[in-house]
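So this block is upload-v3.cif, mmCIF, N, CA and C atoms:
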```
data_entry
#
loop_
_atom_site.label_atom_id
_atom_site.label_comp_id
_atom_site.auth_asym_id
_atom_site.auth_seq_id
_atom_site.Cartn_x
_atom_site.Cartn_y
_atom_site.Cartn_z
N MET A 452 -15.50 2.46 -23.98
CA MET A 452 -15.58 2.71 -22.56
C MET A 452 -14.27 2.31 -21.89
N ASP A 453 -13.50 3.29 -21.43
CA ASP A 453 -12.22 3.02 -20.79
C ASP A 453 -12.42 2.91 -19.28
N ARG A 454 -12.06 1.76 -18.74
CA ARG A 454 -12.19 1.53 -17.30
C ARG A 454 -10.88 1.76 -16.57
N GLY A 455 -9.86 2.21 -17.28
CA GLY A 455 -8.56 2.42 -16.66
C GLY A 455 -7.78 1.12 -16.60
N PRO A 456 -6.62 1.15 -16.00
CA PRO A 456 -5.79 -0.06 -15.94
C PRO A 456 -6.44 -1.15 -15.09
N VAL A 457 -6.26 -2.37 -15.52
CA VAL A 457 -6.77 -3.51 -14.76
C VAL A 457 -5.73 -3.86 -13.71
N GLU A 458 -6.16 -3.91 -12.47
CA GLU A 458 -5.23 -4.23 -11.39
C GLU A 458 -5.41 -5.67 -10.96
N LYS A 459 -4.30 -6.35 -10.84
CA LYS A 459 -4.30 -7.74 -10.40
C LYS A 459 -4.25 -7.76 -8.88
N ASP A 460 -5.02 -8.64 -8.29
CA ASP A 460 -5.01 -8.80 -6.84
C ASP A 460 -3.59 -9.16 -6.40
N PRO A 461 -3.05 -8.44 -5.39
CA PRO A 461 -1.70 -8.74 -4.93
C PRO A 461 -1.48 -10.21 -4.56
N GLU A 462 -2.52 -10.88 -4.12
CA GLU A 462 -2.41 -12.31 -3.79
C GLU A 462 -2.09 -13.15 -5.02
N GLU A 463 -2.37 -12.62 -6.20
CA GLU A 463 -2.13 -13.35 -7.45
C GLU A 463 -0.79 -12.99 -8.09
N TRP A 464 -0.03 -12.06 -7.49
CA TRP A 464 1.25 -11.68 -8.04
C TRP A 464 2.22 -12.85 -7.98
N ALA A 465 2.98 -13.04 -9.04
CA ALA A 465 3.97 -14.11 -9.06
C ALA A 465 5.06 -13.87 -8.01
N THR A 466 5.35 -12.61 -7.71
CA THR A 466 6.39 -12.28 -6.73
C THR A 466 5.81 -11.72 -5.44
N GLY A 467 4.52 -11.91 -5.22
CA GLY A 467 3.85 -11.34 -4.05
C GLY A 467 4.37 -11.81 -2.72
N ASP A 468 4.98 -13.00 -2.69
CA ASP A 468 5.47 -13.51 -1.41
C ASP A 468 6.91 -13.08 -1.12
N GLU A 469 7.52 -12.34 -2.05
CA GLU A 469 8.87 -11.82 -1.81
C GLU A 469 8.79 -10.65 -0.84
N PRO A 470 9.90 -10.32 -0.18
CA PRO A 470 9.90 -9.19 0.76
C PRO A 470 9.52 -7.89 0.05
N MET A 471 8.87 -6.99 0.79
CA MET A 471 8.48 -5.71 0.20
C MET A 471 9.71 -4.99 -0.33
N THR A 472 9.50 -4.15 -1.33
CA THR A 472 10.60 -3.41 -1.93
C THR A 472 10.93 -2.20 -1.07
N ALA A 473 12.11 -1.63 -1.29
CA ALA A 473 12.52 -0.43 -0.55
C ALA A 473 11.55 0.74 -0.80
N PRO A 474 11.11 0.97 -2.06
CA PRO A 474 10.14 2.05 -2.26
C PRO A 474 8.81 1.80 -1.54
N GLN A 475 8.35 0.54 -1.52
CA GLN A 475 7.12 0.21 -0.79
C GLN A 475 7.30 0.53 0.69
N GLU A 476 8.42 0.11 1.23
CA GLU A 476 8.66 0.33 2.67
C GLU A 476 8.71 1.81 3.00
N SER A 477 9.39 2.59 2.17
CA SER A 477 9.49 4.02 2.41
C SER A 477 8.12 4.69 2.39
N TYR A 478 7.34 4.39 1.35
CA TYR A 478 6.00 4.98 1.22
C TYR A 478 5.09 4.51 2.35
N LEU A 479 5.18 3.24 2.67
CA LEU A 479 4.36 2.67 3.73
C LEU A 479 4.67 3.33 5.07
N ARG A 480 5.93 3.55 5.35
CA ARG A 480 6.31 4.20 6.61
C ARG A 480 5.79 5.64 6.67
N THR A 481 5.82 6.34 5.54
CA THR A 481 5.28 7.70 5.49
C THR A 481 3.79 7.69 5.78
N LEU A 482 3.04 6.82 5.09
CA LEU A 482 1.60 6.73 5.31
C LEU A 482 1.27 6.32 6.74
N ALA A 483 2.01 5.35 7.25
CA ALA A 483 1.76 4.85 8.61
C ALA A 483 2.02 5.95 9.64
N ARG A 484 3.09 6.72 9.44
CA ARG A 484 3.39 7.81 10.37
C ARG A 484 2.24 8.82 10.37
N GLU A 485 1.73 9.16 9.18
CA GLU A 485 0.62 10.11 9.09
C GLU A 485 -0.64 9.57 9.75
N ALA A 486 -0.82 8.25 9.71
CA ALA A 486 -2.01 7.62 10.28
C ALA A 486 -1.82 7.23 11.75
N GLY A 487 -0.61 7.42 12.28
CA GLY A 487 -0.36 7.02 13.65
C GLY A 487 -0.34 5.52 13.82
N ARG A 488 0.10 4.83 12.80
CA ARG A 488 0.13 3.36 12.82
C ARG A 488 1.56 2.85 12.76
N GLU A 489 1.74 1.61 13.13
CA GLU A 489 3.03 0.93 13.05
C GLU A 489 3.07 0.08 11.78
N VAL A 490 4.25 -0.10 11.22
CA VAL A 490 4.43 -0.98 10.07
C VAL A 490 4.99 -2.30 10.60
N PRO A 491 4.24 -3.39 10.42
CA PRO A 491 4.74 -4.68 10.88
C PRO A 491 6.04 -5.06 10.16
N GLU A 492 6.90 -5.77 10.83
CA GLU A 492 8.15 -6.23 10.23
C GLU A 492 7.89 -7.41 9.31
N GLY A 493 8.73 -7.56 8.32
CA GLY A 493 8.73 -8.74 7.47
C GLY A 493 7.56 -8.86 6.50
N LEU A 494 6.98 -7.75 6.08
CA LEU A 494 5.86 -7.82 5.14
C LEU A 494 6.33 -8.28 3.76
N SER A 495 5.46 -9.00 3.09
CA SER A 495 5.72 -9.38 1.70
C SER A 495 5.28 -8.24 0.80
N LYS A 496 5.61 -8.32 -0.48
CA LYS A 496 5.18 -7.31 -1.44
C LYS A 496 3.66 -7.20 -1.45
N ALA A 497 2.98 -8.34 -1.45
CA ALA A 497 1.51 -8.35 -1.49
C ALA A 497 0.93 -7.73 -0.22
N GLU A 498 1.46 -8.11 0.93
CA GLU A 498 0.96 -7.56 2.20
C GLU A 498 1.21 -6.05 2.27
N ALA A 499 2.37 -5.61 1.83
CA ALA A 499 2.69 -4.18 1.83
C ALA A 499 1.74 -3.42 0.92
N SER A 500 1.46 -3.99 -0.24
CA SER A 500 0.55 -3.34 -1.18
C SER A 500 -0.84 -3.17 -0.59
N LYS A 501 -1.33 -4.20 0.07
CA LYS A 501 -2.65 -4.13 0.69
C LYS A 501 -2.68 -3.09 1.81
N LEU A 502 -1.62 -3.03 2.62
CA LEU A 502 -1.57 -2.05 3.70
C LEU A 502 -1.45 -0.64 3.14
N ILE A 503 -0.70 -0.47 2.07
CA ILE A 503 -0.61 0.85 1.42
C ILE A 503 -2.00 1.29 0.95
N ASP A 504 -2.73 0.39 0.30
CA ASP A 504 -4.09 0.72 -0.15
C ASP A 504 -4.97 1.14 1.03
N GLU A 505 -4.88 0.38 2.12
CA GLU A 505 -5.69 0.67 3.30
C GLU A 505 -5.35 2.05 3.88
N LEU A 506 -4.06 2.33 4.00
CA LEU A 506 -3.63 3.60 4.58
C LEU A 506 -3.91 4.77 3.64
N GLN A 507 -3.83 4.55 2.35
CA GLN A 507 -4.17 5.61 1.39
C GLN A 507 -5.64 5.99 1.54
N ASP A 508 -6.50 5.00 1.74
CA ASP A 508 -7.92 5.27 1.92
C ASP A 508 -8.17 6.10 3.17
N GLN A 509 -7.31 5.95 4.18
CA GLN A 509 -7.48 6.66 5.45
C GLN A 509 -6.76 8.01 5.47
N SER A 510 -5.90 8.28 4.50
CA SER A 510 -5.07 9.48 4.51
C SER A 510 -5.86 10.74 4.27
N ARG A 511 -5.78 11.66 5.21
CA ARG A 511 -6.43 12.96 5.04
C ARG A 511 -5.77 13.74 3.91
N ARG A 512 -4.45 13.68 3.85
CA ARG A 512 -3.71 14.44 2.84
C ARG A 512 -4.08 13.98 1.44
N LEU A 513 -4.23 12.68 1.21
CA LEU A 513 -4.55 12.17 -0.11
C LEU A 513 -6.02 12.30 -0.45
N ASN A 514 -6.86 12.45 0.55
CA ASN A 514 -8.31 12.51 0.31
C ASN A 514 -8.88 13.90 0.48
N GLU A 515 -8.01 14.91 0.57
CA GLU A 515 -8.51 16.29 0.70
C GLU A 515 -9.26 16.70 -0.55
N ASN A 516 -10.33 17.43 -0.36
CA ASN A 516 -11.11 17.96 -1.47
C ASN A 516 -10.72 19.40 -1.72
N GLY A 517 -9.75 19.59 -2.61
CA GLY A 517 -9.33 20.92 -2.99
C GLY A 517 -8.25 21.39 -2.13
#
```
As structure tokens, what does this structure read like?
Amino acid sequence: MDRGPVEKDPEEWATGDEPMTAPQESYLRTLAREAGREVPEGLSKAEASKLIDELQDQSRRLNENG
């Protein structure tokens, strides 16, 4: 039974408190623009990851059926 990759909670990342990466920021800004949201300044990698997950769940483009 394959459950797919095991994901570690961003709060448990060894580098989670470091500033978000450039790719995270770019993707986050794209998702936020589509959702009509602002991206807070100074997010950590862990915070950015959580916000990306939240915005992906809300994205019409990513959740379209067909």
Padding 4 Å on every side, please: axis-aligned box over the listed atoms of segment 485-504 of chain A, centre and edge lengths to one decimal in Å, as AutoDock Vina command-line options.
```
--center_x 1.9 --center_y 0.4 --center_z 6.2 --size_x 21.7 --size_y 27.5 --size_z 23.3
```
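With atom CA of Gly467 of chain A on one side and atom CA of Glu498 of chain A on the other, the separation reads 7.9 Å.
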Atomic separation - atom C of Ala497 of chain A relative to atom N of Glu462 of chain A, Å: 6.1 Å
Output check: residues returned by the PyMOL selection byres (((chain A and resi 499 and name CA) around 10) and name CA), as a ChimeraX atom specification: /A:461,467,470-472,475-476,478-479,490-491,493-498,500-505
Members of chain A assigned helix (DSSP H, G or I) by DSSP, as a ChimeraX atom specification: /A:461-463,473-486,496-509
Using the selection just defined, write its residues with N, CA and C atoms as a PDB file, in the frame of the given file.
```pdb
ATOM      1  N   PRO A 461      -3.050  -8.440  -5.390  1.00  0.00           N
ATOM      2  CA  PRO A 461      -1.700  -8.740  -4.930  1.00  0.00           C
ATOM      3  C   PRO A 461      -1.480 -10.210  -4.560  1.00  0.00           C
ATOM      4  N   GLU A 462      -2.520 -10.880  -4.120  1.00  0.00           N
ATOM      5  CA  GLU A 462      -2.410 -12.310  -3.790  1.00  0.00           C
ATOM      6  C   GLU A 462      -2.090 -13.150  -5.020  1.00  0.00           C
ATOM      7  N   GLU A 463      -2.370 -12.620  -6.200  1.00  0.00           N
ATOM      8  CA  GLU A 463      -2.130 -13.350  -7.450  1.00  0.00           C
ATOM      9  C   GLU A 463      -0.790 -12.990  -8.090  1.00  0.00           C
ATOM     10  N   ALA A 473      12.110  -1.630  -1.290  1.00  0.00           N
ATOM     11  CA  ALA A 473      12.520  -0.430  -0.550  1.00  0.00           C
ATOM     12  C   ALA A 473      11.550   0.740  -0.800  1.00  0.00           C
ATOM     13  N   PRO A 474      11.110   0.970  -2.060  1.00  0.00           N
ATOM     14  CA  PRO A 474      10.140   2.050  -2.260  1.00  0.00           C
ATOM     15  C   PRO A 474       8.810   1.800  -1.540  1.00  0.00           C
ATOM     16  N   GLN A 475       8.350   0.540  -1.520  1.00  0.00           N
ATOM     17  CA  GLN A 475       7.120   0.210  -0.790  1.00  0.00           C
ATOM     18  C   GLN A 475       7.300   0.530   0.690  1.00  0.00           C
ATOM     19  N   GLU A 476       8.420   0.110   1.230  1.00  0.00           N
ATOM     20  CA  GLU A 476       8.660   0.330   2.670  1.00  0.00           C
ATOM     21  C   GLU A 476       8.710   1.810   3.000  1.00  0.00           C
ATOM     22  N   SER A 477       9.390   2.590   2.170  1.00  0.00           N
ATOM     23  CA  SER A 477       9.490   4.020   2.410  1.00  0.00           C
ATOM     24  C   SER A 477       8.120   4.690   2.390  1.00  0.00           C
ATOM     25  N   TYR A 478       7.340   4.390   1.350  1.00  0.00           N
ATOM     26  CA  TYR A 478       6.000   4.980   1.220  1.00  0.00           C
ATOM     27  C   TYR A 478       5.090   4.510   2.350  1.00  0.00           C
ATOM     28  N   LEU A 479       5.180   3.240   2.670  1.00  0.00           N
ATOM     29  CA  LEU A 479       4.360   2.670   3.730  1.00  0.00           C
ATOM     30  C   LEU A 479       4.670   3.330   5.070  1.00  0.00           C
ATOM     31  N   ARG A 480       5.930   3.550   5.350  1.00  0.00           N
ATOM     32  CA  ARG A 480       6.310   4.200   6.610  1.00  0.00           C
ATOM     33  C   ARG A 480       5.790   5.640   6.670  1.00  0.00           C
ATOM     34  N   THR A 481       5.820   6.340   5.540  1.00  0.00           N
ATOM     35  CA  THR A 481       5.280   7.700   5.490  1.00  0.00           C
ATOM     36  C   THR A 481       3.790   7.690   5.780  1.00  0.00           C
ATOM     37  N   LEU A 482       3.040   6.820   5.090  1.00  0.00           N
ATOM     38  CA  LEU A 482       1.600   6.730   5.310  1.00  0.00           C
ATOM     39  C   LEU A 482       1.270   6.320   6.740  1.00  0.00           C
ATOM     40  N   ALA A 483       2.010   5.350   7.250  1.00  0.00           N
ATOM     41  CA  ALA A 483       1.760   4.850   8.610  1.00  0.00           C
ATOM     42  C   ALA A 483       2.020   5.950   9.640  1.00  0.00           C
ATOM     43  N   ARG A 484       3.090   6.720   9.440  1.00  0.00           N
ATOM     44  CA  ARG A 484       3.390   7.810  10.370  1.00  0.00           C
ATOM     45  C   ARG A 484       2.240   8.820  10.370  1.00  0.00           C
ATOM     46  N   GLU A 485       1.730   9.160   9.180  1.00  0.00           N
ATOM     47  CA  GLU A 485       0.620  10.110   9.090  1.00  0.00           C
ATOM     48  C   GLU A 485      -0.640   9.570   9.750  1.00  0.00           C
ATOM     49  N   ALA A 486      -0.820   8.250   9.710  1.00  0.00           N
ATOM     50  CA  ALA A 486      -2.010   7.620  10.280  1.00  0.00           C
ATOM     51  C   ALA A 486      -1.820   7.230  11.750  1.00  0.00           C
ATOM     52  N   LYS A 496       5.610  -8.320  -0.480  1.00  0.00           N
ATOM     53  CA  LYS A 496       5.180  -7.310  -1.440  1.00  0.00           C
ATOM     54  C   LYS A 496       3.660  -7.200  -1.450  1.00  0.00           C
ATOM     55  N   ALA A 497       2.980  -8.340  -1.450  1.00  0.00           N
ATOM     56  CA  ALA A 497       1.510  -8.350  -1.490  1.00  0.00           C
ATOM     57  C   ALA A 497       0.930  -7.730  -0.220  1.00  0.00           C
ATOM     58  N   GLU A 498       1.460  -8.110   0.930  1.00  0.00           N
ATOM     59  CA  GLU A 498       0.960  -7.560   2.200  1.00  0.00           C
ATOM     60  C   GLU A 498       1.210  -6.050   2.270  1.00  0.00           C
ATOM     61  N   ALA A 499       2.370  -5.610   1.830  1.00  0.00           N
ATOM     62  CA  ALA A 499       2.690  -4.180   1.830  1.00  0.00           C
ATOM     63  C   ALA A 499       1.740  -3.420   0.920  1.00  0.00           C
ATOM     64  N   SER A 500       1.460  -3.990  -0.240  1.00  0.00           N
ATOM     65  CA  SER A 500       0.550  -3.340  -1.180  1.00  0.00           C
ATOM     66  C   SER A 500      -0.840  -3.170  -0.590  1.00  0.00           C
ATOM     67  N   LYS A 501      -1.330  -4.200   0.070  1.00  0.00           N
ATOM     68  CA  LYS A 501      -2.650  -4.130   0.690  1.00  0.00           C
ATOM     69  C   LYS A 501      -2.680  -3.090   1.810  1.00  0.00           C
ATOM     70  N   LEU A 502      -1.620  -3.030   2.620  1.00  0.00           N
ATOM     71  CA  LEU A 502      -1.570  -2.050   3.700  1.00  0.00           C
ATOM     72  C   LEU A 502      -1.450  -0.640   3.140  1.00  0.00           C
ATOM     73  N   ILE A 503      -0.700  -0.470   2.070  1.00  0.00           N
ATOM     74  CA  ILE A 503      -0.610   0.850   1.420  1.00  0.00           C
ATOM     75  C   ILE A 503      -2.000   1.290   0.950  1.00  0.00           C
ATOM     76  N   ASP A 504      -2.730   0.390   0.300  1.00  0.00           N
ATOM     77  CA  ASP A 504      -4.090   0.720  -0.150  1.00  0.00           C
ATOM     78  C   ASP A 504      -4.970   1.140   1.030  1.00  0.00           C
ATOM     79  N   GLU A 505      -4.880   0.380   2.120  1.00  0.00           N
ATOM     80  CA  GLU A 505      -5.690   0.670   3.300  1.00  0.00           C
ATOM     81  C   GLU A 505      -5.350   2.050   3.880  1.00  0.00           C
ATOM     82  N   LEU A 506      -4.060   2.330   4.000  1.00  0.00           N
ATOM     83  CA  LEU A 506      -3.630   3.600   4.580  1.00  0.00           C
ATOM     84  C   LEU A 506      -3.910   4.770   3.640  1.00  0.00           C
ATOM     85  N   GLN A 507      -3.830   4.550   2.350  1.00  0.00           N
ATOM     86  CA  GLN A 507      -4.170   5.610   1.390  1.00  0.00           C
ATOM     87  C   GLN A 507      -5.640   5.990   1.540  1.00  0.00           C
ATOM     88  N   ASP A 508      -6.500   5.000   1.740  1.00  0.00           N
ATOM     89  CA  ASP A 508      -7.920   5.270   1.920  1.00  0.00           C
ATOM     90  C   ASP A 508      -8.170   6.100   3.170  1.00  0.00           C
ATOM     91  N   GLN A 509      -7.310   5.950   4.180  1.00  0.00           N
ATOM     92  CA  GLN A 509      -7.480   6.660   5.450  1.00  0.00           C
ATOM     93  C   GLN A 509      -6.760   8.010   5.470  1.00  0.00           C
TER      94      GLN A 509
END
```
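In this model, the gap between atom CA of Pro474 of chain A and atom CA of Ser510 of chain A comes to 18.2 Å.
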